[in-house]
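Take a look at the structure set out below.
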Amino acid sequence: MPERLKIAINTGGGDAPGLNAVIEAVVMSAQNRNWDVYGIRQGYQGLLNTEEIVRLTPEKVRGISSLGGTMLGTTNKGNPFKMAVENSSGEMEYRDISDKVVKNFNRLGFDCLVAVGGDGSLEIAYNFFKKGIPVIGVPKTIDNDLGGTVITFGFDTAVSIATEAIDRLHSTAKSHDRVMVVEVMGRHAGWIALNSGISGGASVILIPEIPFDIDKVCAHIMDNELKGQRYAIVVVAEGASPAGGSIVHRGAGEAGRQDVLLGGIAATVAEMIRDKTGKDTRFLVLGHLQRGGSPTTFDRLLSLRFGAAAVRMIEQKQFGKMVALDPPNIKAVPLEDVIGSIKRVSLSSDTVQTARDLGISFGD
Ligand code: F6P
């Protein structure tokens with residue numbers, strides 16, 4: 001390897017608080033080794049259309065760790081192995097244009113790529129690793145559904161925002177003796193709903209890992225009412241579904257995306273609760289608020305640790321791997337072991353047991 005390395009960094013998939021902190025840590029740690037870092041814009045788009053590649057100097061990144069979003073931009077539509085393009089008849093078709101990315105990467109003389117992303121982006125990174133690009137992955141997602149690491153950055157911020165929202169709902173729900181149904185993100189995992197629901201004192205938490213029975217949900221709410229609690233907060237994960245029922249989708253998805261857009265279950269749950277209990281019921285969807293704004297201190301520190309660890313892994317030539325939190329340490333795990341499977345809430349975990357001990361219903 002040459003003495004002065006040339007590192008490329010990109011951020012892919014949905015944004016998450018902490019992305020800028022990873023960028024700052026990578027740039028500062030590289031600078032300390034006399035290496036150069038270049039920012040690739042919009043995931044892999046910047047390696048297809050290379051004009052916008054920017055040299056990231058310490059002056060450009062110092063202090064950005066407290067900022068939300070990503071200074072490099074991001075996308076969940078630009079998979080170079082399956083790029084949606086319009087053909088001559090105006091129809092969308094998918095093409096593999098990954099060779100162009102590899103060619104540009106080599107032409108620009110990069111020595112490695114730090115790919116910051118969730119399962120989709122890291123799978124793309126792994127496929128580039130198989131095509132010869134030295135890659136280091138950094139695990140990002142508010143959903144916390146990525147394996148190999150105890151936690152992903154962005155999750156703590158999302159849980160904090162959701163918990164604060166739930167806290168605020170108590171007073172209005174109580175004043176009106178209402179049931180408030182709050183929908184949180186998380187895709188097919190219930191981490192955000194579980195952690196914010198317990199912390200925020202919800203009466204019911206509905207997660208994808210436990211298909212719910214609406215009659216049991218309503219019985220729990222009415223039982224609490226008999227005991228004097230005349231209002232209820234129901235936290236529902238966007239990927240939750242009734243036993244025997246299906247997940248609610250937000251439309252058919254978007255061209256170029258591999259995942260479906262979830263969302264809308266809160267409205268259904270609220271309607272069912274109103275019909276069955278006769279109680280005044282309202283719902284709200286927290287949506288992208290959960291991804292917005294500054295990272296919590298925990299996420300900021302974790303992101304800085306991940307970024308610095310990524311640079312140490314480059315030094316050790318640990319390519320094809322991802323930085324991961326294994327408290328109290330950061331370790332390297334093969335990308336191969338991480339991609340393609342979802343880390344879901346374990347029903348035997350102490351967190352689930354804690355909820356049950358506190359009298360929270362999962363509708364099961
Ligand atoms: O994966 C992060 C996430 O925020 C999910 O929780 C959510 O389902 C999805 O992204 C939303 O995607 P978009 O930002 O494209 O609406």
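Naming scheme: A, B, ... for chains in displayed order of the structure tokens; residues 1 onward per chain; ligands 1 onward as shown.
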Would you mind listing, for every residue of chain A within 6 Å of ligand 1, the two atoms forming the shortest contact and the distance between them in Å to one decimal, using only C-alpha atoms and all ligand atoms, sorted by chain and ascending residue number, as JSON lines?
```
{"residue": "A:Gly14", "atom": "CA", "partner": "ligand 1", "partner_atom_place_in_ligand_line": "14 (O)", "distance": 5.3}
{"residue": "A:Thr141", "atom": "CA", "partner": "ligand 1", "partner_atom_place_in_ligand_line": "2 (C)", "distance": 5.8}
{"residue": "A:Ile142", "atom": "CA", "partner": "ligand 1", "partner_atom_place_in_ligand_line": "2 (C)", "distance": 5.8}
{"residue": "A:Asp143", "atom": "CA", "partner": "ligand 1", "partner_atom_place_in_ligand_line": "6 (O)", "distance": 5.4}
{"residue": "A:Met185", "atom": "CA", "partner": "ligand 1", "partner_atom_place_in_ligand_line": "6 (O)", "distance": 4.1}
{"residue": "A:Gly186", "atom": "CA", "partner": "ligand 1", "partner_atom_place_in_ligand_line": "6 (O)", "distance": 4.0}
{"residue": "A:Arg187", "atom": "CA", "partner": "ligand 1", "partner_atom_place_in_ligand_line": "8 (O)", "distance": 4.7}
{"residue": "A:Leu261", "atom": "CA", "partner": "ligand 1", "partner_atom_place_in_ligand_line": "8 (O)", "distance": 5.9}
{"residue": "A:Leu262", "atom": "CA", "partner": "ligand 1", "partner_atom_place_in_ligand_line": "8 (O)", "distance": 5.4}
```
Counting only C-alpha atoms, which residues in stretch 217-287 of chain A sit no more than 12 Å from stretch 353-359 of chain A? For each one, give the nearest pair of atoms and the distance in Å, sorted by chain then residue number, as JSON lines.
```
{"residue": "A:His220", "atom": "CA", "partner": "A:Gly359", "partner_atom": "CA", "distance": 9.4}
{"residue": "A:Ile221", "atom": "CA", "partner": "A:Gly359", "partner_atom": "CA", "distance": 11.1}
{"residue": "A:Asp223", "atom": "CA", "partner": "A:Gly359", "partner_atom": "CA", "distance": 11.2}
{"residue": "A:Asn224", "atom": "CA", "partner": "A:Gly359", "partner_atom": "CA", "distance": 9.6}
```
Problem - Which residue of A:Leu113, A:Arg257, A:Val333, A:Lys216 approaches A:Asn79 most closely, using only C-alpha atoms - result: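 Result for the nearest residue to A:Asn79: A:Arg257.
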Sel. of strand (DSSP E) residues, stretch 187-290 of chain A, as an mmCIF file with all heavy atoms, in the first residue's frame:
```cif
data_model
loop_
_atom_site.group_PDB
_atom_site.id
_atom_site.type_symbol
_atom_site.label_atom_id
_atom_site.label_comp_id
_atom_site.auth_asym_id
_atom_site.auth_seq_id
_atom_site.Cartn_x
_atom_site.Cartn_y
_atom_site.Cartn_z
ATOM 1 N N VAL A 204 -49.680 -0.150 25.721
ATOM 2 C CA VAL A 204 -49.620 -1.235 24.730
ATOM 3 C C VAL A 204 -48.471 -0.945 23.761
ATOM 4 O O VAL A 204 -48.283 0.201 23.357
ATOM 5 C CB VAL A 204 -50.948 -1.323 23.925
ATOM 6 C CG1 VAL A 204 -50.880 -2.420 22.866
ATOM 7 C CG2 VAL A 204 -52.147 -1.530 24.845
ATOM 8 N N ILE A 205 -47.721 -1.986 23.418
ATOM 9 C CA ILE A 205 -46.672 -1.854 22.393
ATOM 10 C C ILE A 205 -46.894 -2.964 21.371
ATOM 11 O O ILE A 205 -46.975 -4.145 21.732
ATOM 12 C CB ILE A 205 -45.252 -1.997 23.011
ATOM 13 C CG1 ILE A 205 -44.999 -0.921 24.074
ATOM 14 C CG2 ILE A 205 -44.184 -1.910 21.918
ATOM 15 C CD1 ILE A 205 -43.689 -1.100 24.853
ATOM 16 N N LEU A 206 -47.012 -2.566 20.107
ATOM 17 C CA LEU A 206 -47.234 -3.568 19.056
ATOM 18 C C LEU A 206 -46.009 -3.602 18.150
ATOM 19 O O LEU A 206 -45.619 -2.579 17.572
ATOM 20 C CB LEU A 206 -48.499 -3.210 18.262
ATOM 21 C CG LEU A 206 -49.764 -3.036 19.117
ATOM 22 C CD1 LEU A 206 -50.953 -2.610 18.256
ATOM 23 C CD2 LEU A 206 -50.093 -4.335 19.877
ATOM 24 N N ALA A 232 -55.012 5.838 27.382
ATOM 25 C CA ALA A 232 -53.975 4.867 27.027
ATOM 26 C C ALA A 232 -53.123 5.393 25.888
ATOM 27 O O ALA A 232 -53.611 6.090 24.995
ATOM 28 C CB ALA A 232 -54.621 3.543 26.619
ATOM 29 N N ILE A 233 -51.840 5.037 25.944
ATOM 30 C CA ILE A 233 -50.949 5.303 24.815
ATOM 31 C C ILE A 233 -50.596 3.951 24.208
ATOM 32 O O ILE A 233 -50.136 3.034 24.918
ATOM 33 C CB ILE A 233 -49.622 5.981 25.263
ATOM 34 C CG1 ILE A 233 -49.860 7.171 26.182
ATOM 35 C CG2 ILE A 233 -48.758 6.317 24.043
ATOM 36 C CD1 ILE A 233 -50.167 8.473 25.528
ATOM 37 N N VAL A 234 -50.850 3.818 22.915
ATOM 38 C CA VAL A 234 -50.514 2.591 22.191
ATOM 39 C C VAL A 234 -49.388 2.943 21.218
ATOM 40 O O VAL A 234 -49.562 3.804 20.357
ATOM 41 C CB VAL A 234 -51.730 2.051 21.403
ATOM 42 C CG1 VAL A 234 -51.355 0.814 20.585
ATOM 43 C CG2 VAL A 234 -52.884 1.750 22.351
ATOM 44 N N VAL A 235 -48.231 2.296 21.372
ATOM 45 C CA VAL A 235 -47.127 2.536 20.433
ATOM 46 C C VAL A 235 -47.111 1.375 19.445
ATOM 47 O O VAL A 235 -47.050 0.207 19.840
ATOM 48 C CB VAL A 235 -45.769 2.625 21.176
ATOM 49 C CG1 VAL A 235 -44.622 2.787 20.177
ATOM 50 C CG2 VAL A 235 -45.775 3.798 22.151
ATOM 51 N N VAL A 236 -47.203 1.705 18.166
ATOM 52 C CA VAL A 236 -47.231 0.644 17.159
ATOM 53 C C VAL A 236 -46.082 0.841 16.170
ATOM 54 O O VAL A 236 -45.877 1.931 15.634
ATOM 55 C CB VAL A 236 -48.623 0.560 16.450
ATOM 56 C CG1 VAL A 236 -49.027 1.884 15.818
ATOM 57 C CG2 VAL A 236 -48.634 -0.538 15.399
ATOM 58 N N ALA A 237 -45.311 -0.218 15.975
ATOM 59 C CA ALA A 237 -44.225 -0.176 14.991
ATOM 60 C C ALA A 237 -44.837 -0.241 13.598
ATOM 61 O O ALA A 237 -45.824 -0.957 13.381
ATOM 62 C CB ALA A 237 -43.289 -1.363 15.216
ATOM 63 N N THR A 281 -60.561 8.081 20.193
ATOM 64 C CA THR A 281 -59.226 7.596 19.810
ATOM 65 C C THR A 281 -58.622 8.493 18.743
ATOM 66 O O THR A 281 -59.316 8.936 17.830
ATOM 67 C CB THR A 281 -59.351 6.144 19.269
ATOM 68 O OG1 THR A 281 -59.968 5.348 20.270
ATOM 69 C CG2 THR A 281 -58.003 5.551 18.956
ATOM 70 N N ARG A 282 -57.358 8.784 18.869
ATOM 71 C CA ARG A 282 -56.629 9.571 17.870
ATOM 72 C C ARG A 282 -55.338 8.838 17.518
ATOM 73 O O ARG A 282 -54.836 8.052 18.314
ATOM 74 C CB ARG A 282 -56.252 10.960 18.414
ATOM 75 C CG ARG A 282 -57.441 11.822 18.775
ATOM 76 C CD ARG A 282 -58.123 12.375 17.531
ATOM 77 N NE ARG A 282 -59.152 13.347 17.866
ATOM 78 C CZ ARG A 282 -60.413 13.043 18.167
ATOM 79 N NH1 ARG A 282 -60.802 11.779 18.193
ATOM 80 N NH2 ARG A 282 -61.280 14.003 18.449
ATOM 81 N N PHE A 283 -54.812 9.129 16.328
ATOM 82 C CA PHE A 283 -53.531 8.509 15.990
ATOM 83 C C PHE A 283 -52.580 9.554 15.416
ATOM 84 O O PHE A 283 -53.010 10.588 14.918
ATOM 85 C CB PHE A 283 -53.705 7.358 14.988
ATOM 86 C CG PHE A 283 -54.024 7.805 13.593
ATOM 87 C CD1 PHE A 283 -53.003 8.054 12.683
ATOM 88 C CD2 PHE A 283 -55.336 7.984 13.185
ATOM 89 C CE1 PHE A 283 -53.283 8.477 11.390
ATOM 90 C CE2 PHE A 283 -55.625 8.417 11.897
ATOM 91 C CZ PHE A 283 -54.603 8.655 11.001
ATOM 92 N N LEU A 284 -51.301 9.273 15.519
ATOM 93 C CA LEU A 284 -50.308 10.110 14.848
ATOM 94 C C LEU A 284 -49.141 9.242 14.382
ATOM 95 O O LEU A 284 -48.884 8.179 14.947
ATOM 96 C CB LEU A 284 -49.811 11.249 15.735
ATOM 97 C CG LEU A 284 -48.951 10.915 16.943
ATOM 98 C CD1 LEU A 284 -48.049 12.091 17.252
ATOM 99 C CD2 LEU A 284 -49.851 10.630 18.145
ATOM 100 N N VAL A 285 -48.500 9.708 13.312
ATOM 101 C CA VAL A 285 -47.367 8.992 12.733
ATOM 102 C C VAL A 285 -46.137 9.881 12.914
ATOM 103 O O VAL A 285 -46.098 10.980 12.375
ATOM 104 C CB VAL A 285 -47.616 8.713 11.227
ATOM 105 C CG1 VAL A 285 -46.436 7.992 10.604
ATOM 106 C CG2 VAL A 285 -48.916 7.928 11.038
#
```
Exercise for the section: Could you please determine the separation between atom CA of A:Ser346 and atom CA of A:Thr296 in Å, to one decimal place? Expected result: 25.0 Å
Handout entry: Of the listed residues A:Val179, A:Val114, A:Val323, A:Ala189, that which approaches A:Phe129 most closely, counting only C-alpha atoms
Key = A:Val114
For stretch 36-127 of chain A against stretch 335-339 of chain A, with a cut-off of 9 Å and counting only C-alpha atoms, what is the closest atom pair and its distance in Å to one decimal for every residue that makes the cut, ordered by chain and number, as CSV?
```
residue,atom,partner,partner_atom,distance
A:Gly118,CA,A:Ile339,CA,9.0
A:Asp119,CA,A:Ile339,CA,5.7
A:Gly120,CA,A:Ile339,CA,7.9
A:Leu122,CA,A:Ile339,CA,6.9
A:Glu123,CA,A:Ile339,CA,5.7
A:Ala125,CA,A:Leu335,CA,8.5
A:Tyr126,CA,A:Leu335,CA,6.3
```
Keeping only N, CA, C and O atoms, write those residues as an mmCIF file, in the first residue's frame.
```cif
data_model
loop_
_atom_site.group_PDB
_atom_site.id
_atom_site.type_symbol
_atom_site.label_atom_id
_atom_site.label_comp_id
_atom_site.auth_asym_id
_atom_site.auth_seq_id
_atom_site.Cartn_x
_atom_site.Cartn_y
_atom_site.Cartn_z
ATOM 1 N N GLY A 118 -26.964 1.096 5.896
ATOM 2 C CA GLY A 118 -27.711 0.000 6.512
ATOM 3 C C GLY A 118 -27.543 -1.265 5.688
ATOM 4 O O GLY A 118 -26.611 -1.366 4.877
ATOM 5 N N ASP A 119 -28.454 -2.204 5.843
ATOM 6 C CA ASP A 119 -28.268 -3.507 5.186
ATOM 7 C C ASP A 119 -28.179 -3.393 3.661
ATOM 8 O O ASP A 119 -27.312 -4.011 3.043
ATOM 9 N N GLY A 120 -29.029 -2.552 3.062
ATOM 10 C CA GLY A 120 -29.009 -2.411 1.600
ATOM 11 C C GLY A 120 -27.678 -1.856 1.112
ATOM 12 O O GLY A 120 -27.031 -2.427 0.213
ATOM 13 N N LEU A 122 -24.823 -1.728 2.673
ATOM 14 C CA LEU A 122 -23.678 -2.589 3.002
ATOM 15 C C LEU A 122 -23.640 -3.823 2.099
ATOM 16 O O LEU A 122 -22.568 -4.364 1.819
ATOM 17 N N GLU A 123 -24.800 -4.236 1.629
ATOM 18 C CA GLU A 123 -24.810 -5.350 0.671
ATOM 19 C C GLU A 123 -24.163 -4.906 -0.649
ATOM 20 O O GLU A 123 -23.381 -5.639 -1.255
ATOM 21 N N ALA A 125 -21.954 -2.569 -0.855
ATOM 22 C CA ALA A 125 -20.521 -2.443 -0.531
ATOM 23 C C ALA A 125 -19.843 -3.809 -0.606
ATOM 24 O O ALA A 125 -18.741 -3.949 -1.156
ATOM 25 N N TYR A 126 -20.519 -4.814 -0.079
ATOM 26 C CA TYR A 126 -19.935 -6.161 -0.095
ATOM 27 C C TYR A 126 -19.782 -6.669 -1.541
ATOM 28 O O TYR A 126 -18.775 -7.288 -1.892
#
```
Handout entry: DSSP helix (DSSP H, G or I) residues within stretch 173-347 of chain A, as a ChimeraX atom specification
Key = /A:173-176,191-199,214-226,265-277,287-291,297-315,335-338
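The two atoms in question, atom CA of A:Leu47 and atom CA of A:Tyr94, are spaced 18.1 Å apart.
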